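Colleague: What follows is the file data.cif, containing mmCIF, C-alpha atoms:
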```
data_target
loop_
_atom_site.label_atom_id
_atom_site.label_comp_id
_atom_site.auth_asym_id
_atom_site.auth_seq_id
_atom_site.Cartn_x
_atom_site.Cartn_y
_atom_site.Cartn_z
CA MET R 878 7.90 -4.20 -12.45
CA PHE R 879 9.27 -6.90 -10.17
CA ALA R 880 10.27 -10.44 -11.03
CA LEU R 881 10.55 -13.36 -8.66
CA ILE R 882 12.91 -16.08 -9.83
CA ASP R 883 12.55 -19.37 -7.98
CA CYS R 884 14.68 -22.47 -8.51
CA ASN R 885 12.44 -25.51 -8.90
CA ASN R 886 12.99 -28.21 -6.25
CA PHE R 887 16.39 -26.65 -5.69
CA TYR R 888 18.18 -29.25 -3.56
CA ALA R 889 16.88 -32.11 -5.70
CA SER R 890 17.78 -30.20 -8.87
CA CYS R 891 21.36 -29.68 -7.62
CA GLU R 892 21.74 -33.45 -7.22
CA ARG R 893 20.28 -34.02 -10.70
CA VAL R 894 22.74 -31.64 -12.35
CA PHE R 895 25.57 -34.07 -11.59
CA GLN R 896 23.51 -37.27 -11.79
CA PRO R 897 21.17 -36.89 -14.80
CA LYS R 898 19.88 -40.45 -14.27
CA LEU R 899 17.90 -39.06 -11.32
CA ARG R 900 15.59 -37.04 -13.56
CA LYS R 901 11.92 -37.98 -13.09
CA GLN R 902 12.95 -40.15 -10.13
CA PRO R 903 11.59 -39.51 -6.59
CA ILE R 904 14.19 -37.66 -4.51
CA VAL R 905 14.21 -36.49 -0.90
CA VAL R 906 16.94 -34.53 0.86
CA LEU R 907 17.32 -34.88 4.63
CA SER R 908 18.11 -32.32 7.29
CA ASN R 909 21.19 -32.18 9.54
CA ASN R 910 22.02 -35.61 10.95
CA ASP R 911 19.67 -37.19 8.37
CA GLY R 912 16.65 -36.50 10.55
CA CYS R 913 13.76 -35.03 8.55
CA VAL R 914 12.83 -34.38 4.93
CA VAL R 915 13.70 -30.78 3.99
CA ALA R 916 13.35 -31.03 0.20
CA ARG R 917 11.31 -33.17 -2.19
CA SER R 918 11.14 -33.60 -5.93
CA ASN R 919 7.72 -33.40 -7.57
CA GLU R 920 7.74 -37.19 -7.86
CA ALA R 921 8.28 -37.51 -4.09
CA LYS R 922 5.46 -35.05 -3.39
CA ALA R 923 3.12 -37.07 -5.62
CA LEU R 924 3.87 -40.19 -3.58
CA GLY R 925 2.70 -38.46 -0.41
CA VAL R 926 5.90 -37.47 1.38
CA PRO R 927 5.17 -34.32 3.44
CA MET R 928 7.71 -31.59 4.17
CA GLY R 929 9.43 -32.16 7.51
CA ALA R 930 8.56 -35.85 7.59
CA PRO R 931 10.79 -37.90 9.96
CA ALA R 932 12.92 -40.05 7.68
CA PHE R 933 12.60 -43.20 9.80
CA GLU R 934 8.80 -43.13 9.56
CA PHE R 935 8.92 -43.20 5.75
CA LYS R 936 11.77 -45.66 5.34
CA GLU R 937 9.44 -48.40 4.07
CA LEU R 938 7.84 -46.04 1.54
CA PHE R 939 11.27 -44.94 0.34
CA GLU R 940 12.40 -48.52 -0.23
CA LYS R 941 9.14 -49.65 -1.83
CA ASN R 942 9.12 -46.81 -4.38
CA ASN R 943 12.89 -46.72 -5.06
CA PHE R 944 13.43 -43.25 -3.62
CA HIS R 945 16.83 -41.63 -3.90
CA VAL R 946 17.61 -40.31 -0.41
CA PHE R 947 20.41 -37.80 0.14
CA SER R 948 22.00 -36.01 3.08
CA SER R 949 22.05 -32.21 2.82
CA ASN R 950 25.12 -31.15 0.85
CA TYR R 951 25.09 -27.48 1.88
CA ALA R 952 28.49 -26.71 0.40
CA LEU R 953 27.24 -27.83 -3.02
CA TYR R 954 23.85 -26.11 -2.71
CA GLY R 955 25.43 -22.86 -1.56
CA ASP R 956 27.88 -22.82 -4.45
CA MET R 957 25.16 -23.60 -7.01
CA SER R 958 23.01 -20.84 -5.50
CA ASN R 959 25.87 -18.35 -5.92
CA ARG R 960 26.18 -19.34 -9.58
CA VAL R 961 22.47 -18.80 -10.17
CA MET R 962 22.47 -15.41 -8.39
CA ASN R 963 25.53 -14.22 -10.31
CA LEU R 964 23.78 -14.99 -13.60
CA LEU R 965 20.60 -13.23 -12.45
CA SER R 966 22.53 -10.09 -11.52
CA ASN R 967 23.38 -9.65 -15.22
CA PHE R 968 19.72 -9.03 -16.06
CA SER R 969 19.04 -6.17 -13.65
CA PRO R 970 21.21 -3.94 -11.45
CA ASP R 971 18.58 -4.20 -8.69
CA ILE R 972 18.49 -7.64 -7.06
CA GLU R 973 17.41 -8.96 -3.67
CA ILE R 974 18.54 -12.49 -2.80
CA TYR R 975 15.50 -13.60 -0.85
CA SER R 976 16.67 -17.13 0.02
CA ILE R 977 19.09 -19.78 -1.20
CA ASP R 978 16.80 -20.52 -4.17
CA GLU R 979 14.83 -17.29 -4.68
CA ALA R 980 15.60 -13.76 -5.79
CA PHE R 981 13.64 -10.64 -6.63
CA LEU R 982 14.70 -8.46 -9.57
CA LYS R 983 13.41 -4.94 -10.10
CA PHE R 984 12.86 -3.64 -13.62
CA LYS R 985 12.31 0.11 -13.42
CA GLY R 986 11.31 1.44 -16.82
CA PHE R 987 12.09 -1.87 -18.53
CA GLN R 988 8.51 -2.52 -19.67
CA GLU R 989 8.71 0.52 -21.94
CA ASN R 990 11.67 -0.87 -23.87
CA PHE R 991 11.51 -4.61 -23.31
CA ASP R 992 9.12 -7.45 -23.97
CA LEU R 993 9.25 -8.74 -20.39
CA LEU R 994 7.78 -12.13 -21.28
CA SER R 995 10.57 -12.73 -23.80
CA TYR R 996 13.10 -11.31 -21.33
CA GLY R 997 11.88 -13.80 -18.71
CA LYS R 998 12.35 -16.67 -21.14
CA GLN R 999 15.87 -15.41 -21.81
CA ILE R 1000 16.55 -15.39 -18.05
CA LYS R 1001 15.27 -18.95 -17.76
CA LYS R 1002 17.35 -20.15 -20.71
CA THR R 1003 20.53 -18.46 -19.44
CA VAL R 1004 20.26 -19.85 -15.90
CA THR R 1005 19.30 -23.36 -16.99
CA GLN R 1006 22.09 -23.52 -19.58
CA GLY R 1007 24.63 -22.00 -17.22
CA THR R 1008 23.88 -24.11 -14.16
CA GLY R 1009 21.51 -26.93 -15.13
CA ILE R 1010 19.00 -25.67 -12.53
CA PRO R 1011 15.40 -25.26 -13.79
CA ILE R 1012 13.71 -22.03 -12.70
CA SER R 1013 10.32 -20.33 -12.78
CA VAL R 1014 9.91 -16.59 -13.42
CA GLY R 1015 6.97 -14.43 -12.36
CA PHE R 1016 6.57 -10.74 -13.36
CA ALA R 1017 4.15 -8.30 -11.72
CA PRO R 1018 3.88 -4.66 -10.56
CA THR R 1019 4.44 -5.61 -6.89
CA LYS R 1020 6.52 -8.18 -5.00
CA ALA R 1021 3.47 -10.00 -3.63
CA LEU R 1022 1.92 -10.27 -7.11
CA ALA R 1023 5.27 -11.44 -8.49
CA LYS R 1024 5.06 -14.29 -5.96
CA VAL R 1025 1.62 -15.17 -7.34
CA ALA R 1026 2.86 -14.98 -10.93
CA ASN R 1027 5.73 -17.29 -10.03
CA LYS R 1028 3.34 -19.83 -8.53
CA ILE R 1029 1.37 -19.86 -11.77
CA ALA R 1030 4.54 -20.26 -13.85
CA LYS R 1031 5.61 -23.19 -11.68
CA LYS R 1032 2.15 -24.83 -11.54
CA PHE R 1033 1.52 -24.66 -15.29
CA PRO R 1034 4.93 -25.03 -16.98
CA SER R 1035 3.59 -26.41 -20.28
CA GLN R 1036 1.19 -23.47 -20.76
CA THR R 1037 3.53 -20.75 -19.50
CA GLU R 1038 6.95 -22.16 -20.42
CA SER R 1039 7.71 -21.46 -16.72
CA VAL R 1040 7.38 -17.69 -17.22
CA HIS R 1041 4.23 -15.72 -16.34
CA LEU R 1042 3.49 -11.99 -16.54
CA ILE R 1043 0.72 -10.20 -14.64
CA ASP R 1044 0.46 -6.90 -16.51
CA SER R 1045 -3.26 -6.19 -16.59
CA GLU R 1046 -6.19 -5.95 -14.21
CA GLU R 1047 -7.81 -8.93 -15.86
CA LYS R 1048 -4.76 -11.13 -15.25
CA ARG R 1049 -4.44 -9.90 -11.67
CA ILE R 1050 -8.02 -10.76 -10.77
CA LYS R 1051 -7.87 -14.14 -12.53
CA ALA R 1052 -4.66 -15.05 -10.67
CA LEU R 1053 -5.99 -13.99 -7.28
CA LYS R 1054 -9.24 -15.92 -7.75
CA TRP R 1055 -7.14 -19.01 -8.49
CA LEU R 1056 -4.85 -18.68 -5.44
CA PRO R 1057 -6.13 -20.16 -2.13
CA VAL R 1058 -5.86 -17.80 0.82
CA GLU R 1059 -3.47 -20.15 2.67
CA ASP R 1060 -0.98 -19.87 -0.21
CA ILE R 1061 -0.69 -16.07 -0.03
CA TRP R 1062 2.88 -14.97 0.67
CA GLY R 1063 3.08 -14.02 4.35
CA ILE R 1064 -0.25 -15.52 5.43
CA GLY R 1065 0.56 -18.23 7.97
CA ARG R 1066 -1.50 -21.15 9.18
CA GLN R 1067 -3.24 -19.28 12.00
CA HIS R 1068 -4.13 -16.26 9.88
CA SER R 1069 -5.49 -18.47 7.09
CA LYS R 1070 -7.76 -20.23 9.59
CA ARG R 1071 -9.04 -16.88 10.86
CA LEU R 1072 -9.65 -15.64 7.32
CA LYS R 1073 -11.52 -18.80 6.33
CA ASN R 1074 -13.72 -18.39 9.37
CA GLU R 1075 -14.60 -14.98 7.91
CA GLY R 1076 -15.52 -16.60 4.59
CA ILE R 1077 -12.27 -15.58 2.87
CA ASN R 1078 -11.16 -18.51 0.69
CA THR R 1079 -9.07 -16.93 -2.07
CA ALA R 1080 -6.51 -14.17 -2.43
CA TYR R 1081 -9.12 -12.17 -4.36
CA ASP R 1082 -11.51 -12.40 -1.41
CA PHE R 1083 -8.73 -11.07 0.80
CA THR R 1084 -8.21 -8.00 -1.41
CA LEU R 1085 -11.90 -7.07 -1.00
CA MET R 1086 -11.84 -7.12 2.81
CA ASN R 1087 -12.35 -4.03 4.93
CA LYS R 1088 -8.96 -2.39 5.48
CA PHE R 1089 -9.70 -1.51 9.10
CA TRP R 1090 -10.43 -5.18 9.87
CA VAL R 1091 -7.25 -6.27 8.11
CA GLN R 1092 -5.05 -3.81 10.02
CA LYS R 1093 -6.72 -4.62 13.35
CA ASN R 1094 -6.41 -8.40 12.98
CA LEU R 1095 -3.34 -8.80 10.73
CA SER R 1096 -1.43 -5.63 11.72
CA ILE R 1097 0.14 -3.16 9.33
CA VAL R 1098 1.98 -6.06 7.67
CA GLY R 1099 -1.32 -7.58 6.58
CA LEU R 1100 -2.53 -4.23 5.29
CA ARG R 1101 0.61 -3.79 3.19
CA LEU R 1102 0.14 -7.27 1.80
CA GLN R 1103 -3.47 -6.47 0.86
CA ASN R 1104 -2.31 -3.31 -0.93
CA GLU R 1105 0.39 -5.25 -2.75
CA LEU R 1106 -2.16 -7.79 -4.01
CA GLN R 1107 -4.33 -4.91 -5.18
CA GLY R 1108 -1.40 -3.75 -7.30
CA ILE R 1109 -0.31 -0.91 -4.99
CA PRO R 1110 3.48 -1.19 -4.37
CA CYS R 1111 4.38 -1.09 -0.67
CA LEU R 1112 7.48 -3.30 -0.56
CA ASP R 1113 10.75 -2.46 -2.27
CA LEU R 1114 13.88 -4.55 -2.60
CA GLU R 1115 15.66 -5.07 0.71
CA THR R 1116 19.39 -4.84 1.26
CA PRO R 1117 20.90 -7.59 3.43
CA ALA R 1118 21.32 -6.49 7.03
CA ASP R 1119 23.97 -7.65 9.45
CA LYS R 1120 22.82 -10.01 12.19
CA LYS R 1121 22.07 -8.46 15.58
CA ASN R 1122 23.22 -11.55 17.47
CA ILE R 1123 25.06 -14.71 16.52
CA ALA R 1124 24.65 -18.10 18.18
CA THR R 1125 26.59 -21.34 18.01
CA THR R 1126 24.88 -24.17 19.87
CA ARG R 1127 25.17 -27.93 19.64
CA SER R 1128 23.88 -31.07 21.29
CA PHE R 1129 26.72 -33.32 22.43
CA ASP R 1130 27.26 -36.78 20.99
CA ALA R 1131 26.90 -38.16 24.54
CA ASN R 1132 26.04 -36.95 28.03
CA TYR R 1133 29.12 -35.09 29.33
CA THR R 1134 29.98 -35.02 33.02
CA ASP R 1135 33.65 -34.04 32.58
CA TYR R 1136 34.22 -30.29 32.85
CA GLU R 1137 37.19 -30.41 30.47
CA LEU R 1138 35.06 -31.87 27.67
CA ILE R 1139 32.43 -29.16 28.04
CA LYS R 1140 35.14 -26.50 28.31
CA GLU R 1141 36.56 -27.61 24.96
CA ARG R 1142 33.12 -27.43 23.32
CA VAL R 1143 32.32 -23.97 24.70
CA SER R 1144 35.71 -22.69 23.56
CA THR R 1145 35.05 -24.04 20.06
CA PHE R 1146 31.59 -22.43 19.97
CA ALA R 1147 33.07 -19.06 20.99
CA VAL R 1148 35.64 -19.30 18.18
CA ALA R 1149 32.86 -20.05 15.68
CA CYS R 1150 30.98 -16.94 16.85
CA ALA R 1151 34.12 -14.83 16.54
CA THR R 1152 34.68 -16.02 12.98
CA LYS R 1153 31.11 -15.07 12.01
CA LEU R 1154 31.54 -11.67 13.65
CA ARG R 1155 34.62 -10.93 11.56
CA LYS R 1156 32.81 -11.91 8.37
CA GLN R 1157 30.27 -9.16 8.92
CA LYS R 1158 32.98 -6.80 10.26
CA SER R 1159 31.44 -6.49 13.71
CA CYS R 1160 32.60 -6.72 17.32
CA CYS R 1161 30.44 -7.80 20.26
CA ASN R 1162 30.12 -6.15 23.64
CA ALA R 1163 28.35 -8.98 25.45
CA LEU R 1164 27.97 -12.74 25.28
CA MET R 1165 25.81 -15.44 26.78
CA VAL R 1166 26.91 -18.95 27.71
CA PHE R 1167 24.40 -21.69 28.51
CA ILE R 1168 24.51 -25.37 29.43
CA HIS R 1169 21.74 -27.84 30.14
CA THR R 1170 21.17 -31.51 30.77
CA ASN R 1171 19.16 -33.96 28.67
CA ARG R 1172 15.51 -33.15 29.41
CA HIS R 1173 14.46 -36.44 27.80
CA ARG R 1174 16.33 -38.42 30.44
CA LYS R 1175 13.82 -38.26 33.29
CA ASP R 1176 15.94 -40.77 35.22
CA LEU R 1177 18.79 -38.22 35.54
CA PRO R 1178 18.92 -35.05 37.66
CA GLN R 1179 18.14 -31.93 35.62
CA TYR R 1180 20.01 -28.63 35.54
CA SER R 1181 19.90 -25.66 33.16
CA ARG R 1182 21.66 -22.34 33.51
CA ASN R 1183 22.84 -19.41 31.42
CA ILE R 1184 24.84 -16.29 32.13
CA VAL R 1185 25.28 -13.02 30.24
CA LEU R 1186 28.67 -11.31 30.47
CA LYS R 1187 29.16 -7.63 29.67
CA LEU R 1188 32.60 -7.47 28.05
CA PRO R 1189 35.12 -4.84 29.16
CA TYR R 1190 35.75 -3.91 25.50
CA PRO R 1191 34.33 -4.79 22.06
CA THR R 1192 36.10 -7.69 20.34
CA ASN R 1193 35.86 -10.32 17.63
CA SER R 1194 39.06 -12.12 18.56
CA ASN R 1195 38.97 -15.92 18.90
CA ILE R 1196 41.34 -15.71 21.85
CA GLU R 1197 39.43 -13.07 23.78
CA LEU R 1198 35.92 -14.42 23.16
CA ALA R 1199 37.00 -17.93 24.15
CA LYS R 1200 38.52 -16.52 27.35
CA PHE R 1201 35.32 -14.66 28.28
CA ALA R 1202 33.10 -17.64 27.37
CA LEU R 1203 35.12 -19.92 29.66
CA GLN R 1204 34.83 -17.36 32.46
CA GLY R 1205 31.07 -17.59 32.08
CA LEU R 1206 31.15 -21.39 32.00
CA ASP R 1207 33.14 -21.44 35.26
CA LYS R 1208 30.35 -19.50 36.97
CA ILE R 1209 27.45 -21.75 35.87
CA PHE R 1210 28.99 -25.24 35.73
CA LYS R 1211 27.97 -27.64 38.50
CA LYS R 1212 29.42 -31.08 39.14
CA GLY R 1213 27.17 -34.11 39.40
CA PHE R 1214 25.11 -33.49 36.25
CA ALA R 1215 25.24 -35.09 32.81
CA TYR R 1216 25.19 -32.27 30.27
CA LYS R 1217 23.77 -32.75 26.78
CA LYS R 1218 23.93 -29.29 25.20
CA ALA R 1219 25.82 -26.02 25.41
CA GLY R 1220 26.04 -22.83 23.43
CA VAL R 1221 27.53 -19.36 23.05
CA ILE R 1222 25.55 -16.33 21.85
CA VAL R 1223 27.28 -13.03 21.11
CA MET R 1224 25.30 -9.76 21.10
CA ASP R 1225 25.37 -5.96 21.34
CA PHE R 1226 27.37 -5.39 18.15
CA THR R 1227 29.40 -2.41 17.05
CA PRO R 1228 31.31 -1.97 13.75
CA GLU R 1229 34.90 -3.15 14.04
CA ASN R 1230 36.21 0.03 12.40
CA THR R 1231 34.61 2.31 15.03
CA GLU R 1232 36.23 0.82 18.10
CA GLN R 1233 36.13 3.05 21.17
CA ILE R 1234 39.33 3.01 23.22
CA MET R 1235 38.74 2.24 26.90
CA LEU R 1236 40.74 3.84 29.71
CA PHE R 1237 42.05 0.73 31.53
CA GLU R 1238 41.53 -2.31 29.31
CA ASN R 1239 41.35 -2.81 25.53
CA SER R 1240 41.40 -5.56 22.95
CA ASN R 1241 44.90 -6.62 21.99
CA PRO R 1242 45.65 -4.78 18.70
CA LYS R 1243 47.90 -7.65 17.57
CA HIS R 1244 44.90 -9.97 17.44
CA LYS R 1245 43.40 -8.23 14.40
CA LEU R 1246 46.28 -9.14 12.09
CA LEU R 1247 46.52 -12.60 13.65
CA MET R 1248 42.79 -13.29 13.13
CA ASN R 1249 42.96 -12.09 9.51
CA THR R 1250 45.82 -14.49 8.88
CA ILE R 1251 44.01 -17.39 10.54
CA ASP R 1252 40.87 -16.70 8.49
CA LYS R 1253 42.81 -16.64 5.22
CA ILE R 1254 44.57 -19.92 5.99
CA ASN R 1255 41.40 -21.67 7.13
CA ASP R 1256 39.47 -20.40 4.10
CA ALA R 1257 42.19 -21.62 1.77
CA ILE R 1258 42.35 -25.06 3.37
CA GLY R 1259 38.57 -25.32 3.63
CA THR R 1260 38.41 -26.45 7.24
CA THR R 1261 39.40 -25.04 10.61
CA LYS R 1262 42.94 -26.36 10.81
CA ILE R 1263 44.26 -23.59 13.06
CA LYS R 1264 42.79 -23.81 16.56
CA LEU R 1265 43.33 -22.43 20.03
CA GLY R 1266 45.11 -24.42 22.70
CA SER R 1267 41.79 -24.80 24.54
CA GLN R 1268 40.33 -26.65 21.55
CA ASP R 1269 40.83 -30.31 20.74
CA ILE R 1270 43.04 -30.42 17.64
CA LYS R 1271 41.79 -33.87 16.60
CA LYS R 1272 38.13 -33.28 17.29
CA THR R 1273 35.86 -31.96 14.57
CA TRP R 1274 32.13 -31.62 14.91
CA LYS R 1275 30.63 -33.89 12.27
CA MET R 1276 27.00 -34.37 11.45
CA ARG R 1277 25.64 -37.77 10.56
CA GLN R 1278 25.57 -37.61 6.76
CA GLU R 1279 25.39 -41.21 5.65
CA LYS R 1280 24.03 -40.37 2.19
CA LEU R 1281 26.18 -37.36 1.32
CA THR R 1282 27.03 -36.85 -2.35
CA PRO R 1283 30.43 -35.50 -3.48
CA HIS R 1284 31.21 -31.77 -3.28
CA TYR R 1285 31.34 -31.57 -7.06
CA THR R 1286 32.07 -27.83 -7.28
CA THR R 1287 33.84 -27.02 -4.01
CA LYS R 1288 36.49 -29.74 -3.61
CA ILE R 1289 39.04 -30.33 -6.32
CA SER R 1290 39.38 -33.96 -5.26
CA GLU R 1291 35.65 -34.58 -5.84
CA VAL R 1292 35.07 -32.94 -9.21
CA ILE R 1293 33.57 -35.10 -11.94
CA LYS R 1294 36.12 -37.05 -13.96
CA ILE R 1295 35.42 -37.49 -17.67
CA ASN R 1296 36.96 -40.29 -19.68
CA CYS R 1297 37.55 -39.24 -23.30
#
```
Once more with this new file: its structure as structure tokens, please.
Modeller:
Amino acid sequence: MFALIDCNNFYASCERVFQPKLRKQPIVVLSNNDGCVVARSNEAKALGVPMGAPAFEFKELFEKNNFHVFSSNYALYGDMSNRVMNLLSNFSPDIEIYSIDEAFLKFKGFQENFDLLSYGKQIKKTVTQGTGIPISVGFAPTKALAKVANKIAKKFPSQTESVHLIDSEEKRIKALKWLPVEDIWGIGRQHSKRLKNEGINTAYDFTLMNKFWVQKNLSIVGLRLQNELQGIPCLDLETPADKKNIATTRSFDANYTDYELIKERVSTFAVACATKLRKQKSCCNALMVFIHTNRHRKDLPQYSRNIVLKLPYPTNSNIELAKFALQGLDKIFKKGFAYKKAGVIVMDFTPENTEQIMLFENSNPKHKLLMNTIDKINDAIGTTKIKLGSQDIKKTWKMRQEKLTPHYTTKISEVIKINC
């Protein structure tokens, strides 16, 4: 048996934990730089705010209906997610963190000794009491059916107490007949259109389709999904894999013509990539640097260029990656253009503990201890206080977050104060 645990309206729920007055109030959370809606409470959904809506287009609706609008507080959401996942890990040794607000649990042999419905209610009670975050729990023999069970638990909380179990053929068929084909896990917009053109309107209809047609038109992935919905397990829990490339890219706050300004940004991006490499204990053997002008400014001359550098040795050192990135920038930079964006992408990874010694040139062995020390200090302080000489000490890259709430759980200076 699998269980899918999903935090309800996660970002909005995180804000409500520390501001209970927001319960049953319409809430939207905005993306980086307060651009688009990335999370909505049920009340906001009911008032017609779509996911991804540009905030400026709905400003009048927000004001008219007394919406509570927040900037994304990713430090808070990440910490609350960790708390939820730590609690969930106590209920099964097999867990897959699927996203910031979802996790699969595997219960092998549990159904023989446990009342899973009661166990699900215990999970819900423990997480809600421990974090204040409401959750929905769906049990089923496969991961895809667990997704369906979770949708039912979330859609009908009063009937299910936010916990639903698909443990019979009757329940499976009833659930699939209820679920529209476009809401099947893994069926995107284009596939749902194609299926509807074939007269497939529900998940149950999809399970009855010819398998050869499904594999031909939806690939082996679609066939596995069909099997999963039929109750045939094809997908197991996945272990997190290291990234195969890491990118740090940003749009500038203005159009830059000065080489020194762009050089500082590229150096900072390379350092950010190096830090991420060390966190997954990898080194890179190649990197790409790119720069381009503002394509929206048709009145300005346009230029875009990138370059890939094969490194002489694998490294994850801030110093070395910044040096190589600036070498690449030197080769592609042209005067006379107003640049709006740049980025550094590192690739071709090898584990840092299997470094191959080169004959003529190698990474400086002293950098490893130095980088470990820098990481510890920066992690303790919470921001990147230690920088290279090629970086601007005073400059920090800040997003526009005009409606940011306090970091209640990650900054000691912003924890809630209680007057007794």
Colleague: Calculated over all atoms listed in the file, which of the candidates R:Val915, R:Ile1010, R:Val1098, R:Val961 has the smallest distance to Arg900 in chain R?
Modeller: R:Ile1010
Colleague: Would you write out, as a PyMOL selection string, every residue that the PyMOL selection byres ((chain R and resi 1036-1049) around 9) captures in this file?
Modeller: chain R and resi 878+880+993-995+997-998+1001+1012-1018+1022-1023+1025-1035+1050-1054+1081+1106-1108
Colleague: So, counting all atoms listed in the file, which residue among R:Gly1099, R:Leu1114, R:Lys922, R:Phe887 is closest to Tyr975 in chain R?
Modeller: R:Leu1114
Colleague: Which polymer residues have any atom within 12 Å of an atom of range 937-939 of chain R, counting all atoms listed in the file, with same-chain residues fewer than 6 positions away left out, as a VMD selection string?
Modeller: chain R and resid 902 to 906 914 920 to 921 924 to 926 930 to 931 945 to 947
Colleague: Evaluated on this file, the PyMOL selection byres ((chain R and resi 1063-1074) around 12) picks out some residues - which ones are they, written as a ChimeraX atom specification?
Modeller: /R:1020-1021,1024-1025,1057-1062,1075-1080,1082-1084,1086,1090-1091,1094-1096,1098-1103,1105-1106
Colleague: Nearest residue to Val1148 in chain R out of R:Asp1252, R:Asp971, R:Asp883, R:Glu892, using all atoms listed in the file?
Modeller: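 Of R:Asp1252, R:Asp971, R:Asp883, R:Glu892, the one nearest Val1148 in chain R, counting all atoms listed in the file, is R:Asp1252.
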Colleague: List, as number ranges by chain, every residue that the PyMOL selection byres ((chain R and resi 1135) around 12) selects in the file provided.
Modeller: R: 1131-1134, 1136-1142, 1210-1217
Colleague: Please report the interatomic distance between CA of Pro1189 in chain R and CA of Thr1250 in chain R in Å with one decimal.
Modeller: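 One can read the CA of Pro1189 in chain R to CA of Thr1250 in chain R distance as 24.9 Å.
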Colleague: For CA of Val1223 in chain R and CA of Leu1186 in chain R, determine how far apart the two atoms are, in Å to one decimal place.
Modeller: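 Going from CA of Val1223 in chain R over to CA of Leu1186 in chain R covers 9.6 Å.
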Colleague: Residues near Thr1116 in chain R, anyone? I mean within 9 Å using all atoms listed in the file, not counting same-chain ones fewer than 4 positions away, as a count of residues only.
Modeller: 3
Colleague: Could you work out how far CA of Ile882 in chain R lies from CA of Glu979 in chain R, giving the answer in Å with one decimal?
Modeller: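 Atom-to-atom, CA of Glu979 in chain R to CA of Ile882 in chain R, that is 5.6 Å.
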Colleague: Determine the nearest neighbour of Arg1182 in chain R from the options R:Ile1209, R:Leu899, R:Cys1160, R:Ala1124, counting all atoms listed in the file.
Modeller: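 Closest residue, counting all atoms listed in the file: R:Ile1209.
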Colleague: Here is a test: counting all atoms listed in the file, which residue of R:Lys901, R:His1173, R:Lys1187, R:Lys983 is nearest to Asn943 in chain R?
Modeller: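 Ranked by minimum distance to Asn943 in chain R, first place goes to R:Lys901.
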Colleague: Give me, as a list in words, all polymer residues having an atom no more than 12 Å from Thr1287 in chain R, counting all atoms listed in the file and skipping those fewer than 5 positions away in the same chain.
Modeller: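 Here the qualifying residues turn out to be Asn950, Tyr951, Ala952, Leu953, Tyr954, Gly955, Asp956, Met957, Asn959, Asp1256, Ala1257, Ile1258, Gly1259, Val1292 and Ile1293 of chain R.
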Colleague: With 4 Å of padding per side, what axis-aligned box (centre and edge lengths, Å, one decimal) covers all the listed atoms of range 1157-1176 of chain R? Give it as AutoDock Vina command-line options.
Modeller:
```
--center_x 23.4 --center_y -23.5 --center_z 22.1 --size_x 27.2 --size_y 42.6 --size_z 34.3
```
Colleague: Is it possible to get the residues within 12 Å of (41.4, -23.1, 17.6) (coordinates as in the file, counting all atoms listed in the file) written as number ranges by chain?
Modeller: R: 1141-1149, 1151-1152, 1194-1199, 1248, 1251-1252, 1255, 1260-1273
Colleague: For each of R:Ser958, R:Gly1009, R:Pro1283, R:Leu965, take the minimum atom-to-atom distance to Pro897 in chain R, counting only C-alpha atoms, then give the residue where this is smallest.
Modeller: R:Gly1009
Colleague: Using all atoms listed in the file, list the residues that have an atom at most 10 Å from (27.4, -10.3, 13.6), coordinates as in the file, as a list in words.
Modeller: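 Protein, DNA and RNA residues close to (27.4, -10.3, 13.6): Ala1118, Asp1119, Lys1120, Lys1121, Asn1122, Ile1123, Ala1124, Cys1150, Ala1151, Thr1152, Lys1153, Leu1154, Arg1155, Lys1156, Gln1157, Lys1158, Ser1159, Cys1160, Cys1161, Asn1193, Val1223, Met1224, Asp1225, Phe1226, Thr1227 and Pro1228 of chain R.
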